[in-house]
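Reviewing the structure listed below.
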Amino acid sequence: MPSVDTIEALNAAAQSFDTTPLGLQVDADAEAAVRESLRRTALVLLGEIHGVAQTPVLLGELIAWFGLGGIALEWNEDLTPWLDRWITHGVLADPTWGGDPAVEVWGGDGRLTAGHLAMLPLWADTGLLITLMDGMTGTPLRRRESVEWMERRLWSERDAAMAARVLAAPDAPGGRLVVAGNLHTELEPTPAGDPMGAQLARQRPGVCSIECVYGPGQFYNLGPQRLGDRLPGQHVDAPRLILHQGALLLLVPSPREATVPHHKLPGLPQGREPVTRQTHPA
């Protein structure tokens, strides 16, 4: 079930999602690097490809392993009332068409999945602080500004706003896991712009970023997508957090396509080639 387009189907997918842990393994040097980041900055970043079924369970395993008290997700803050109703009452309301929540729920880019919805009440029951760090930002094309420069500026402004929301969030005992697409968790500027990760690194020197690296499989981002083998030379039976040539990598074998709410709303893109960056362990 790669996508669903009714609230009833989304509710059923969330209710039936298997939240069983996947057996995350953490190498000792990787654990030390993450704990040092948490000690110095109270943050650790995780860069993902959206729309992988295993991601929500892996987030839960990372939270449990490191004793984290908070998570920040790349979701629009306008979703807060909609998610609060789900967490508190177990009710998924169909958001009103034409509003921002409808776009965020039904957009289909894989940031929000049935698995995330299944995990949210479990996280809330433990007292985990959940921060939604995305939101509306940016101004239209400025005088004498090229479209290319405007796109880079808007991308950077959005990431600056996400970084600001993370920094303004209430202190989370044990630290906070900050989860976003892997371009946003880079710790240095990129051709796309100034990512959230780089902006957080300037405010919180010593923060580290984990990148998810995937074996062959599938994911859902505006439609079914395939991943080639990104783990050359690595034999991995279970998810594993490693430190490789100074980089923290979360190895995810056999990624599966998540169940993603996707309703083809007017004016939204219907499909694209996903833009991702991958580190390949030698």
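Labels for the structure tokens follow display order: chains A, B, ..., residues from 1 in each chain, ligands from 1.
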
Using only C-alpha atoms, what does the table of range 22-124 of chain A residues within 12 Å of range 245-248 of chain A look like, with each row giving the shortest atom pair and its distance in Å to one decimal, sorted by chain and ascending number, as a tab-separated table?
residue	atom	partner	partner_atom	distance
A:Val26	CA	A:Leu248	CA	10.6
A:Asp27	CA	A:Leu248	CA	10.3
A:Ala28	CA	A:Leu248	CA	11.8
A:Asp29	CA	A:Leu248	CA	9.6
A:Ala30	CA	A:Leu248	CA	6.5
A:Glu31	CA	A:Leu248	CA	9.5
A:Ala32	CA	A:Leu248	CA	10.8
A:Ala33	CA	A:Leu248	CA	8.1
A:Val34	CA	A:Leu248	CA	8.4
A:Ser37	CA	A:Leu248	CA	11.5
A:Val44	CA	A:Leu248	CA	10.6
A:Leu45	CA	A:Leu248	CA	10.1
A:Leu46	CA	A:Leu248	CA	9.4
A:Gly47	CA	A:Leu248	CA	10.4

Please produce a file of those selected residues containing C-alpha atoms, as a PDB file, in the first residue's frame.
ATOM      1  CA  VAL A  26      25.172   1.146  17.392  1.00  0.00           C
ATOM      2  CA  ASP A  27      28.958   0.967  17.112  1.00  0.00           C
ATOM      3  CA  ALA A  28      30.836   2.199  20.183  1.00  0.00           C
ATOM      4  CA  ASP A  29      32.657   5.038  18.375  1.00  0.00           C
ATOM      5  CA  ALA A  30      29.412   6.214  16.774  1.00  0.00           C
ATOM      6  CA  GLU A  31      27.680   6.201  20.141  1.00  0.00           C
ATOM      7  CA  ALA A  32      30.497   8.247  21.645  1.00  0.00           C
ATOM      8  CA  ALA A  33      30.241  10.833  18.849  1.00  0.00           C
ATOM      9  CA  VAL A  34      26.483  11.219  19.278  1.00  0.00           C
ATOM     10  CA  SER A  37      27.146  16.154  20.382  1.00  0.00           C
ATOM     11  CA  VAL A  44      21.745  15.514  17.119  1.00  0.00           C
ATOM     12  CA  LEU A  45      20.565  15.794  13.508  1.00  0.00           C
ATOM     13  CA  LEU A  46      19.318  12.976  11.279  1.00  0.00           C
ATOM     14  CA  GLY A  47      19.134  13.330   7.500  1.00  0.00           C
TER      15      GLY A  47
END

- Asp194 in chain A environment, 9 Å, only C-alpha atoms, sequence neighbours closer than 3 positions dropped, as an MDAnalysis selection string: chainID A and resid 152:153 155:157 159:160 184 186 188:191 197:199

Keeping only C-alpha atoms, write the selected residues as an mmCIF file, in the first residue's frame.
data_model
loop_
_atom_site.group_PDB
_atom_site.id
_atom_site.type_symbol
_atom_site.label_atom_id
_atom_site.label_comp_id
_atom_site.auth_asym_id
_atom_site.auth_seq_id
_atom_site.Cartn_x
_atom_site.Cartn_y
_atom_site.Cartn_z
ATOM 1 C CA ARG A 152 18.269 29.746 -3.225
ATOM 2 C CA ARG A 153 17.230 32.615 -0.918
ATOM 3 C CA TRP A 155 15.360 27.707 0.512
ATOM 4 C CA SER A 156 17.861 29.285 2.925
ATOM 5 C CA GLU A 157 15.166 31.396 4.613
ATOM 6 C CA ASP A 159 15.970 26.502 6.710
ATOM 7 C CA ALA A 160 16.784 29.510 8.884
ATOM 8 C CA HIS A 184 18.684 20.174 5.207
ATOM 9 C CA GLU A 186 24.216 19.250 6.020
ATOM 10 C CA GLU A 188 28.101 23.278 5.563
ATOM 11 C CA PRO A 189 26.476 25.481 2.892
ATOM 12 C CA THR A 190 25.421 23.644 -0.270
ATOM 13 C CA PRO A 191 24.604 24.714 -3.842
ATOM 14 C CA GLY A 197 22.229 22.006 9.772
ATOM 15 C CA ALA A 198 24.858 24.617 8.919
ATOM 16 C CA GLN A 199 22.847 27.315 10.649
#

- Message: What does the structure give for the distance between CA of Gly90 in chain A and CA of Val4 in chain A, in Å to one decimal?
- Response: 18.3 Å

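Here the question is which of A:Thr20, A:Thr96, A:Thr80, A:Thr6 gets nearest to Glu61 in chain A using only C-alpha atoms, and that residue is A:Thr20.
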
- Atomic distance CA of Gly181 in chain A - CA of Glu48 in chain A, expressed in Å with one decimal: 4.9 Å

- Task: Run DSSP on the backbone and give me the residues of range 12-157 of chain A it puts in helix (DSSP H, G or I), as a ChimeraX atom specification.
- Result: /A:12-16,28-41,55-66,77-89,100-106,114-125,147-157

- Message: Considering only strand (DSSP E or B) as DSSP defines it on the backbone, what residues of range 42-249 of chain A qualify? List them as a ChimeraX atom specification.
- Response: /A:43-48,52,70-76,107,129-134,176-181,190,193,209-214,217-220,224-227,240-244,247-249

- Item | Close residues, Ala169 in chain A itself excluded, 9 Å, only C-alpha atoms, min 5 positions apart in chain, as a VMD selection string | chain A and resid 72 129 131 164

Could you give me, as a PDB file with N, CA and C atoms, in the first residue's frame, the residues within 7 Å of Ser254 in chain A, counting only C-alpha atoms and dropping anything in the same chain fewer than 6 positions from it?
ATOM      1  N   GLY A 215      20.359   0.527   1.596  1.00  0.00           N
ATOM      2  CA  GLY A 215      20.571  -0.564   0.677  1.00  0.00           C
ATOM      3  C   GLY A 215      19.544  -0.494  -0.446  1.00  0.00           C
ATOM      4  N   PRO A 216      19.529  -1.496  -1.331  1.00  0.00           N
ATOM      5  CA  PRO A 216      18.570  -1.478  -2.430  1.00  0.00           C
ATOM      6  C   PRO A 216      17.152  -1.632  -1.911  1.00  0.00           C
ATOM      7  N   GLY A 217      16.233  -0.884  -2.492  1.00  0.00           N
ATOM      8  CA  GLY A 217      14.849  -0.976  -2.052  1.00  0.00           C
ATOM      9  C   GLY A 217      14.003   0.117  -2.667  1.00  0.00           C
TER      10      GLY A 217
END

- Message: I want to know what sits within 7 Å of Pro56 in chain A, based on only C-alpha atoms, with residues of the same chain fewer than 2 positions away left out; could you give that as a PyMOL selection string?
- Response: chain A and resi 54+58-60+115-116+119

- Quick one: residues within 8 Å of Ala172 in chain A, only C-alpha atoms counted, chain neighbours fewer than 5 positions away excluded, as number ranges by chain? A: 42, 68-70, 129

Store the residues of this selection in a file with N, CA and C atoms, as a PDB file, in the first residue's frame.
ATOM      1  N   ALA A  42      23.053  19.578  23.039  1.00  0.00           N
ATOM      2  CA  ALA A  42      21.704  19.070  23.324  1.00  0.00           C
ATOM      3  C   ALA A  42      20.945  18.714  22.053  1.00  0.00           C
ATOM      4  N   LEU A  68      16.686  10.294  24.677  1.00  0.00           N
ATOM      5  CA  LEU A  68      16.340  11.641  24.251  1.00  0.00           C
ATOM      6  C   LEU A  68      14.958  12.038  24.755  1.00  0.00           C
ATOM      7  N   GLY A  69      14.805  13.325  25.046  1.00  0.00           N
ATOM      8  CA  GLY A  69      13.539  13.826  25.550  1.00  0.00           C
ATOM      9  C   GLY A  69      12.744  14.615  24.542  1.00  0.00           C
ATOM     10  N   GLY A  70      13.260  14.768  23.312  1.00  0.00           N
ATOM     11  CA  GLY A  70      12.540  15.565  22.328  1.00  0.00           C
ATOM     12  C   GLY A  70      12.876  15.160  20.914  1.00  0.00           C
ATOM     13  N   LEU A 129       8.897  15.452  23.958  1.00  0.00           N
ATOM     14  CA  LEU A 129       8.506  16.761  23.445  1.00  0.00           C
ATOM     15  C   LEU A 129       8.605  16.734  21.920  1.00  0.00           C
TER      16      LEU A 129
END

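Nearest to Pro95 in chain A of all the residues A:Glu257, A:Asp134, A:Asp78, A:Asp229 is A:Asp78, based on only C-alpha atoms.
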